[in-house]
Structure formats: structure tokens, C-alpha cells
Amino acid sequence: MDYSQFFNMIPEAGLMAILVIVFLADLFLKGEKKHATLSMLTCVLLVAQVVLCFTAQPAEAFAGLYTATAAAQVMKVILTAGAFIVVVMAQSWIEREDVLRKEGEFYELIISTLLGMYMMISSGHFLMFFLGLEMASVPMACLVAFDKYKKESAEGAAKFVLTATFSSGVMLYGISFLYGACGTLYFDDMAAKISASPLTIMGLVFFFSGLGFKISLVPFHFWTADTYQGAPTAVTGYLSVVSKGAAAFALMTILLKVFGPMVEYYETLMYIVIVLTITIANLFALRQTELKRFMAFSSISQAGYIMLAAVGNETMGLTALMYYVLIYVAANMAVFTVINVVETRGNGNTEMSVFDGFYTTNPKLSFLLTLALFSLAGIPPFAGMFCKFFVFMAAAQQGTNIAYAVVFLALVNTVPSLYYYLKIVKCMYINNTDTPLPTFQSDCATRTALALCTVGVLLFGVCSCVYGWLVAATSAM
């Protein structure tokens with residue numbers, strides 16, 4: 001084996017080095033300064049990883065098993081930035097006595113899942129893709145169960161493990177059909193041989209179903225609300241944006257690379273799933289009173305909008321998908337950062353009623369949460385409006401009646417989403433209570449995470465250079 005090929009996998013090698021460094025630091029650091037040193041070290045290394053991914057060039061290794069396109073390298077930047085925000089916003093939770101002794105394990109699991117996502121989106125072979133998916137899923141189950149003595153956390157982790165196992169089995173079954181029909185697992189070779197036979201259609205359906213569980217598309221979404229509610233808030237944020245973004249990107253690239261000759265088959269399937277996902281998630285979100293369950297159904301709806309880009313023009317659709325994930329990371333992580341700090345200060349309560357009168361005692365946090373919710377709802381001039389616009393435009397480029405109908409239904413569904421996002425704003429600014437949350441000072445890590453997310457919400461939509469960067473990456477594929 002030519003081990004020099006590992007130098008073509010610079011982002012993965014860098015992340016592996018970070019994992020080893022954090023592990024050794026956790027092993028040897030002792031004393032009162034361990035928490036500050038370990039957290040600072042992890043944050044600095046993740047920032048360095050963002051820079052490393054930003055400068056990485058398209059590469060190939062191991063006879064095409066690993067194929068990192070320019071778009072994949074850009075996606076790694078977005079995912080790593082999301083992981084960095086998760087680590088920063090989690091500090092107020094990590095400082096709890098029962099969590100502090102497991103701080104190293106938390107960082108190592110985050111980095112391990114990120115490495116699996118890297119491999120998943122840089123694969124050129126179904127076996128490599130499946131290994132990357134499992135590398136991302138197994139540590140994620142550990143993260144969901146991090147508060148293992150809480151009933152909700154254990155229940156959420158059990159449902160996540162069971163559905164992840166089932167979905168992986170379904171996906172592997174579909175991949176075996178594709179291998180039987182084409183005689184290869186390489187994406188490029190399969191694309192040259194694939195045809196719309198009953199075997200490949202079944203393989204496509206099973207593969208899509210398996211990955212649909214990871215993205216929480218309807219009807220594969222039933223695990224999401226319980227898992228999001230049971231997991232620690234920082235993990236819920238990570239699961240909702242970083243993990244979902246990686247899976248959505250991988251699904252779109254495989255649909256384009258492998259199933260291009262069968263586009264008329266998977267487009268119809270996608271249209272049905274997208275409309276069901278957005279509509280059903282919105283209807284269930286209207287009924288929620290617990291914030292993490294509410295954000296679970298919000299994330300299911302957002303997954304439908306993300307996948308709307310997958311049925312659009314190839315270059316425009318992939319650009320719109322990456323742009324949507326970038327904006328979604330900023331807006332959603334801002335919401336979860338506020339939920340995390342309120343949960344920490346409010347004795348673990350995440351009911352929506354906790355935010356009654358929140359503006360009277362914590363006006364700054366209320367204002368930042370409002371900005372993030374407006375962005376998620378797609379209200380101009382925030383970045384969420386621009387990412388929805390580009391997704392709709394990419395889908396409408398198909399020029400077919402069914403594409404126009406799906407875009408119209410997606411637009412109609414923004415109306416109930418406005419209502420349920422504004423319910424939280426109403427709680428903060430209008431609802432009165434005799435016992436609002438007390439005024440509290442956020443820690444430095446929380447303020448840093450909120451500042452980064454707010455900058456993204458306000459500037460990513462109006463800075464054309466951001467979208468131009470994504471266009472350049474997808475055009476180079």
C-alpha cells in the first residue's frame with residue numbers, strides 16, 4: 001500500500017490528529033485548570049481545522065474510494081464551524097459537576113462523529129460511504145445518552161440506536177441490490193452501468209429510505225422528537241444541524257453521481273417526501289409546548305426545505321443546499337444556545353412557558369433569540385429568507401408543472417411556520433407571569449457562540465461573497 005496517499009486526505013488526517021491530541025490532553029491534564037485548558041485547546045484546534053479545510057484542495061486516494069471534491073471540502077468547513085459552535089455553547093452545561101468529569105469524552109465523541117461525516121461526504125464508493133455513516137452514527141448514540149441517569153436521555157438514546165440500526169440495515173440491503181445489478185460499488189462505475197430495472201429501483205428505494213432516517217424525512221421521522229428531547233441540549237443542536245447537513249449533502253451528491261440516469265424515478269419520490277415532510281412537521285410543531293420537541297419538528301420541516309434543493313438544477317441545487325445548511329447552522333445554533341443557557345439557569349426546564357416575560361428580565365437574550373427565530377421562519381432581511389429563496393429558485397429551475405406545484409406548497413407552508421416561531425416571541429414579549437426567569441449574566445462562552453451565530457444570521461444573507469464562494473466550489477465539480 002502506498003501510505004503517501006494519506007497526504008491527499010489532509011482534512012481527515014488533521015481531524016485524526018486533533019482526536020489524538022485531545023485524548024492525550026484529557027488523559028494527562030490534572031488539577032483545577034484542566035477544564036479551562038482542555039476546552040481552550042479543543043476550541044483552538046477546531047479553529048485550526050476550519051482553516052485547514054478552507055485551504056484543502058480537491059483530492060483522490062485509494063483508487064477512488066476517497067474522492068474529495070471542492071464542494072465536499074467547503075462542506076467540511078461548514079460542518080467543522082458548526083462543531084466549533086457546539087463545543088463553545090456547551091461550556092455552561094459542561095461545567096455542571098456531573099458532566100465536568102466526562103468533558104474529555106464529550107469532545108472526543110464530537111470529533112469522532114465529525115470524522116465519520118468527513119468520510120461520508122468524501123466517499124467515492126458505497127462501502128466507504130457506509131463506513132463513514134456508521135462512524136458518525138455510533139458515537140452520536142453515545143452523545144445522546146450522555147446524561148445516562150436521566151430517563152429521557154436513556155429513552156432517546158434507545159430509540160436513536162434502534163432506528164439507526166434498522167435504517168442502516170435497510171440501506172445496506174438496498175446497496176446489495178445495486179451491487180447485484182451493476183457488479184460494482186464505485187459511484188462512477190455504477191453510474192455508467194445503472195438502468196431502471198426492478199432491482200435498481202428497489203435498491204434506490206431502500207437506500208433512500210435508510211438515509212431518510214438520518215435526515216428525519218417523513219415518514220422516517222418518528223425517533224426525532226424523543227431523541228431531541230432526551231439528549232443534552234448541546235447534543236440536540238449538533239444532531240439537528242451538523243449531522244443533518246452532512247447526511248443531506250451526501251444524499252444529494254449520490255443521487256446526482258449514481259442515480260442520474262434514473263432521475264425521473266427519484267424526482268417523483270422526492271417531491272412526495274418533501275411535501276409530506278414540510279406539511280406534517282409544521283402541523284405537529286403547532287401542538288408542541290416543550291421547546292426541544294418543538295425544535296425537533298422545526299428541524300424536520302427544515303429538512304424538507306433542504307432536500308427541495310436536491311431536485312433542482314445540479315450546480316444551482318447543490319449550491320443552494322450548502323448555503324441553506326450554512327444559514328441553518330447559524331440560526332438553529334443561536335436558538336439552542338439560548339435554550340441551553342436558560343435550561344442551565346432554570347433547573348432543567350425547557351417548557352415554552354418558561355420564556356413567559358423573558359424580555360423583562362433578559363432583554364438581550366430575548367432579542368438575539370428573536371433574530372434567530374425570524375431567520376428560521378424566512379422573514380426578510382435575515383439570512384433565512386435568502387436561503388429559502390435560493391432553494392425555491394433551484395427547484396423551480398426544473399420548469400415542470402409538478403416542480404412549480406411543490407414550490408408553491410412549500411411557500412404555503414411558510415405561513416404556519418411563521419405562526420409557531422412567533423409563539424415563542426409572544427411568550428417573551430407579550431405573555432405576563434408573576435415568576436419570570438431571574439436576570440442572569442451569560443458566561444463568556446455563551447456570548448461568543450451567540451455573537452458568531454448572530455453575525456451569520458445578519459450578514460450571510462447580504463454578503464454576496466459567501467454565496468459566490470459556494471458557487472465557485474460547486475462549479476469546480
# chains A, B, ... in the order shown; residues from 1 in each chain; ligands from 1
call {"tool": "closest_atom_pairs", "arguments": {"of": "segment 192-307 of chain A", "to": "segment 160-175 of chain A", "cutoff": "10 Å", "atoms": "only C-alpha atoms", "output": "CSV"}}
result
residue,atom,partner,partner_atom,distance
A:Leu199,CA,A:Gly174,CA,9.1
A:Thr200,CA,A:Gly174,CA,8.4
A:Ile201,CA,A:Gly174,CA,9.2
A:Met202,CA,A:Gly174,CA,6.8
A:Gly203,CA,A:Gly174,CA,4.0
A:Leu204,CA,A:Gly174,CA,6.5
A:Val205,CA,A:Gly174,CA,7.2
A:Phe206,CA,A:Gly174,CA,4.6
A:Phe207,CA,A:Met171,CA,4.4
A:Phe208,CA,A:Met171,CA,7.4
A:Ser209,CA,A:Met171,CA,6.9
A:Gly210,CA,A:Ser167,CA,4.3
A:Leu211,CA,A:Met171,CA,7.0
A:Gly212,CA,A:Ser167,CA,8.2
A:Phe213,CA,A:Ser167,CA,6.2
A:Lys214,CA,A:Ala164,CA,7.4
A:Phe220,CA,A:Thr163,CA,9.0
A:His221,CA,A:Thr163,CA,9.6
A:Phe222,CA,A:Thr163,CA,8.9
A:Trp223,CA,A:Phe160,CA,6.3
A:Thr224,CA,A:Phe160,CA,8.0
A:Asp226,CA,A:Phe160,CA,8.8
A:Thr227,CA,A:Phe160,CA,6.4
A:Tyr228,CA,A:Phe160,CA,9.6
call {"tool": "select_by_dssp", "arguments": {"residues": "segment 288-369 of chain A", "states": "alpha helix (DSSP H)", "output": "number ranges by chain"}}
result
A: 291-308, 314-345, 358-361, 363-369
call {"tool": "closest_residue", "arguments": {"among": "A:Met262, A:Met270, A:Met40, A:Ile254", "to": "Ala196 of chain A", "atoms": "only C-alpha atoms"}}
result
A:Met262
call {"tool": "residues_around", "arguments": {"residues": "Gln302 of chain A", "least_positions_apart": "2", "cutoff": "9 Å", "atoms": "only C-alpha atoms", "output": "number ranges by chain"}}
result
A: 277-278, 281, 297-300, 304-307, 328, 376
call {"tool": "write_last_selection", "arguments": {"atoms": "C-alpha atoms", "output": "PDB file, in the first residue's frame"}}
result
ATOM      1  CA  THR A 277     -42.158  16.306   5.446  1.00  0.00           C
ATOM      2  CA  ILE A 278     -42.787  20.039   5.418  1.00  0.00           C
ATOM      3  CA  ALA A 281     -43.771  18.643  10.586  1.00  0.00           C
ATOM      4  CA  PHE A 297     -40.401  19.225  14.378  1.00  0.00           C
ATOM      5  CA  SER A 298     -38.940  22.517  13.198  1.00  0.00           C
ATOM      6  CA  SER A 299     -35.804  20.651  12.104  1.00  0.00           C
ATOM      7  CA  ILE A 300     -37.914  18.040  10.278  1.00  0.00           C
ATOM      8  CA  GLY A 304     -37.817  19.162   3.784  1.00  0.00           C
ATOM      9  CA  TYR A 305     -36.725  22.598   2.582  1.00  0.00           C
ATOM     10  CA  ILE A 306     -33.093  21.466   2.418  1.00  0.00           C
ATOM     11  CA  MET A 307     -33.999  18.476   0.257  1.00  0.00           C
ATOM     12  CA  TYR A 328     -29.314  26.868   9.244  1.00  0.00           C
ATOM     13  CA  LEU A 376     -35.634  30.236  10.648  1.00  0.00           C
TER      14      LEU A 376
END
call {"tool": "residues_around", "arguments": {"residues": "Pro232 of chain A", "least_positions_apart": "4", "cutoff": "7 Å", "atoms": "only C-alpha atoms", "output": "list in words"}}
result
Val144, Asp147 and Thr236 of chain A
call {"tool": "write_last_selection", "arguments": {"atoms": "N, CA, C and O atoms", "output": "compact mmCIF listing (two decimals), in the first residue's frame"}}
result
# COMPACT_ATOMS: atom_id res chain seq x y z
N VAL A 144 -26.05 11.16 22.62
CA VAL A 144 -27.47 11.28 23.01
C VAL A 144 -27.67 10.75 24.42
O VAL A 144 -28.46 11.31 25.21
N ASP A 147 -26.27 12.00 29.33
CA ASP A 147 -26.88 12.08 30.66
C ASP A 147 -27.57 10.76 30.94
O ASP A 147 -28.80 10.67 31.00
N THR A 236 -28.37 17.98 21.07
CA THR A 236 -29.53 18.17 20.22
C THR A 236 -29.23 19.16 19.10
O THR A 236 -29.59 18.95 17.94
call {"tool": "atom_distance", "arguments": {"atom1": "atom CA of Gly456 of chain A", "atom2": "atom CA of Cys387 of chain A"}}
result
12.2 Å
call {"tool": "residues_around", "arguments": {"residues": "segment 52-57 of chain A", "least_positions_apart": "5", "cutoff": "12 Å", "atoms": "only C-alpha atoms", "output": "PyMOL selection string"}}
result
chain A and resi 7-15+18+45-47+67-81+118+469-470+473+476-477
call {"tool": "closest_residue", "arguments": {"among": "A:Lys151, A:His125, A:Lys159, A:Lys244", "to": "Leu185 of chain A", "atoms": "only C-alpha atoms"}}
result
A:His125
call {"tool": "residues_around", "arguments": {"residues": "Tyr420 of chain A", "least_positions_apart": "6", "cutoff": "12 Å", "atoms": "only C-alpha atoms", "output": "MDAnalysis selection string"}}
result
chainID A and resid 281:289 291 294:295 297:298 352 373:374 376:377 413:414 426:427
call {"tool": "write_last_selection", "arguments": {"atoms": "C-alpha atoms", "output": "compact mmCIF listing (two decimals), in the first residue's frame"}}
result
# COMPACT_ATOMS: atom_id res chain seq x y z
CA ALA A 281 -43.77 18.64 10.59
CA ASN A 282 -45.46 22.06 10.56
CA LEU A 283 -48.75 20.60 11.79
CA PHE A 284 -47.07 18.77 14.65
CA ALA A 285 -44.91 21.78 15.55
CA LEU A 286 -48.08 23.81 16.14
CA ARG A 287 -49.04 21.48 19.00
CA GLN A 288 -45.75 21.48 20.91
CA THR A 289 -45.26 23.12 24.30
CA LEU A 291 -39.06 23.64 23.30
CA PHE A 294 -40.76 21.94 19.13
CA MET A 295 -37.30 22.37 17.60
CA PHE A 297 -40.40 19.23 14.38
CA SER A 298 -38.94 22.52 13.20
CA MET A 352 -42.18 27.06 26.33
CA LEU A 373 -36.36 32.63 15.03
CA PHE A 374 -37.09 35.25 12.36
CA LEU A 376 -35.63 30.24 10.65
CA ALA A 377 -39.06 31.50 9.62
CA ASN A 413 -46.18 26.03 4.38
CA THR A 414 -44.12 29.03 5.43
CA LYS A 426 -45.12 36.09 22.01
CA CYS A 427 -44.09 34.27 25.18
call {"tool": "residues_around", "arguments": {"residues": "Met16 of chain A", "least_positions_apart": "5", "cutoff": "9 Å", "atoms": "only C-alpha atoms", "output": "list of chain:residue names"}}
result
A:Pro11, A:Ile21, A:Ile111, A:Ser112, A:Leu115
call {"tool": "atom_distance", "arguments": {"atom1": "atom CA of Asp188 of chain A", "atom2": "atom CA of Leu251 of chain A"}}
result
15.3 Å
call {"tool": "closest_atom_pairs", "arguments": {"of": "segment 365-453 of chain A", "to": "segment 330-344 of chain A", "cutoff": "7 Å", "atoms": "only C-alpha atoms", "output": "CSV"}}
result
residue,atom,partner,partner_atom,distance
A:Leu365,CA,A:Val338,CA,6.9
A:Leu369,CA,A:Val335,CA,5.8
A:Ala372,CA,A:Ala331,CA,4.8
A:Ser375,CA,A:Ala331,CA,6.3
A:Leu376,CA,A:Ala331,CA,6.3
A:Thr446,CA,A:Thr337,CA,6.8
A:Leu450,CA,A:Ala334,CA,5.6
A:Cys453,CA,A:Ala330,CA,4.5
call {"tool": "write_last_selection", "arguments": {"atoms": "all heavy atoms", "output": "PDB file, in the first residue's frame"}}
result
ATOM      1  N   LEU A 365     -30.838  38.539  25.529  1.00  0.00           N
ATOM      2  CA  LEU A 365     -31.042  37.163  25.067  1.00  0.00           C
ATOM      3  C   LEU A 365     -32.346  37.045  24.290  1.00  0.00           C
ATOM      4  O   LEU A 365     -32.417  36.326  23.290  1.00  0.00           O
ATOM      5  CB  LEU A 365     -31.039  36.195  26.253  1.00  0.00           C
ATOM      6  CG  LEU A 365     -29.682  35.843  26.877  1.00  0.00           C
ATOM      7  CD1 LEU A 365     -29.872  34.943  28.078  1.00  0.00           C
ATOM      8  CD2 LEU A 365     -28.763  35.194  25.851  1.00  0.00           C
ATOM      9  N   LEU A 369     -32.550  35.763  20.420  1.00  0.00           N
ATOM     10  CA  LEU A 369     -33.398  34.607  20.094  1.00  0.00           C
ATOM     11  C   LEU A 369     -34.439  34.991  19.048  1.00  0.00           C
ATOM     12  O   LEU A 369     -34.734  34.206  18.133  1.00  0.00           O
ATOM     13  CB  LEU A 369     -34.075  34.095  21.364  1.00  0.00           C
ATOM     14  CG  LEU A 369     -35.031  32.904  21.204  1.00  0.00           C
ATOM     15  CD1 LEU A 369     -34.317  31.717  20.562  1.00  0.00           C
ATOM     16  CD2 LEU A 369     -35.630  32.506  22.546  1.00  0.00           C
ATOM     17  N   ALA A 372     -32.869  34.972  15.585  1.00  0.00           N
ATOM     18  CA  ALA A 372     -32.667  33.612  15.085  1.00  0.00           C
ATOM     19  C   ALA A 372     -33.984  32.989  14.632  1.00  0.00           C
ATOM     20  O   ALA A 372     -34.048  32.322  13.590  1.00  0.00           O
ATOM     21  CB  ALA A 372     -32.014  32.749  16.165  1.00  0.00           C
ATOM     22  N   SER A 375     -35.064  34.363  11.348  1.00  0.00           N
ATOM     23  CA  SER A 375     -34.285  33.781  10.250  1.00  0.00           C
ATOM     24  C   SER A 375     -34.796  32.395   9.894  1.00  0.00           C
ATOM     25  O   SER A 375     -34.930  32.047   8.713  1.00  0.00           O
ATOM     26  CB  SER A 375     -32.801  33.720  10.627  1.00  0.00           C
ATOM     27  OG  SER A 375     -32.020  33.242   9.557  1.00  0.00           O
ATOM     28  N   LEU A 376     -35.088  31.569  10.904  1.00  0.00           N
ATOM     29  CA  LEU A 376     -35.634  30.236  10.648  1.00  0.00           C
ATOM     30  C   LEU A 376     -36.977  30.318   9.928  1.00  0.00           C
ATOM     31  O   LEU A 376     -37.298  29.477   9.079  1.00  0.00           O
ATOM     32  CB  LEU A 376     -35.796  29.466  11.956  1.00  0.00           C
ATOM     33  CG  LEU A 376     -34.517  28.971  12.645  1.00  0.00           C
ATOM     34  CD1 LEU A 376     -34.843  28.345  13.993  1.00  0.00           C
ATOM     35  CD2 LEU A 376     -33.777  27.967  11.769  1.00  0.00           C
ATOM     36  N   THR A 446     -20.987  31.396  26.134  1.00  0.00           N
ATOM     37  CA  THR A 446     -22.329  31.595  25.572  1.00  0.00           C
ATOM     38  C   THR A 446     -22.392  32.859  24.744  1.00  0.00           C
ATOM     39  O   THR A 446     -22.963  32.880  23.642  1.00  0.00           O
ATOM     40  CB  THR A 446     -23.371  31.657  26.708  1.00  0.00           C
ATOM     41  OG1 THR A 446     -23.388  30.406  27.403  1.00  0.00           O
ATOM     42  CG2 THR A 446     -24.756  31.936  26.157  1.00  0.00           C
ATOM     43  N   LEU A 450     -23.232  33.043  20.725  1.00  0.00           N
ATOM     44  CA  LEU A 450     -24.336  33.870  20.243  1.00  0.00           C
ATOM     45  C   LEU A 450     -23.848  34.953  19.290  1.00  0.00           C
ATOM     46  O   LEU A 450     -24.527  35.266  18.298  1.00  0.00           O
ATOM     47  CB  LEU A 450     -25.067  34.507  21.429  1.00  0.00           C
ATOM     48  CG  LEU A 450     -26.017  33.591  22.201  1.00  0.00           C
ATOM     49  CD1 LEU A 450     -26.541  34.281  23.443  1.00  0.00           C
ATOM     50  CD2 LEU A 450     -27.166  33.139  21.317  1.00  0.00           C
ATOM     51  N   CYS A 453     -23.157  33.272  15.877  1.00  0.00           N
ATOM     52  CA  CYS A 453     -24.407  32.904  15.203  1.00  0.00           C
ATOM     53  C   CYS A 453     -25.160  34.136  14.710  1.00  0.00           C
ATOM     54  O   CYS A 453     -25.708  34.138  13.597  1.00  0.00           O
ATOM     55  CB  CYS A 453     -25.290  32.096  16.149  1.00  0.00           C
ATOM     56  SG  CYS A 453     -24.623  30.469  16.574  1.00  0.00           S
TER      57      CYS A 453
END
call {"tool": "closest_residue", "arguments": {"among": "A:Val406, A:Ala383, A:Leu65, A:Leu371", "to": "Glu267 of chain A", "atoms": "only C-alpha atoms"}}
result
A:Val406
call {"tool": "closest_residue", "arguments": {"among": "A:Met190, A:Ala303, A:Gln398, A:Thr279", "to": "Phe259 of chain A", "atoms": "only C-alpha atoms"}}
result
A:Met190
call {"tool": "atom_distance", "arguments": {"atom1": "atom CA of Val258 of chain A", "atom2": "atom CA of Gly183 of chain A"}}
result
13.5 Å
call {"tool": "closest_residue", "arguments": {"among": "A:Lys292, A:Lys423, A:Lys388, A:Lys257", "to": "Ser123 of chain A", "atoms": "only C-alpha atoms"}}
result
A:Lys257
call {"tool": "closest_residue", "arguments": {"among": "A:Glu108, A:Phe367, A:Arg101, A:Leu114", "to": "Gly31 of chain A", "atoms": "only C-alpha atoms"}}
result
A:Arg101
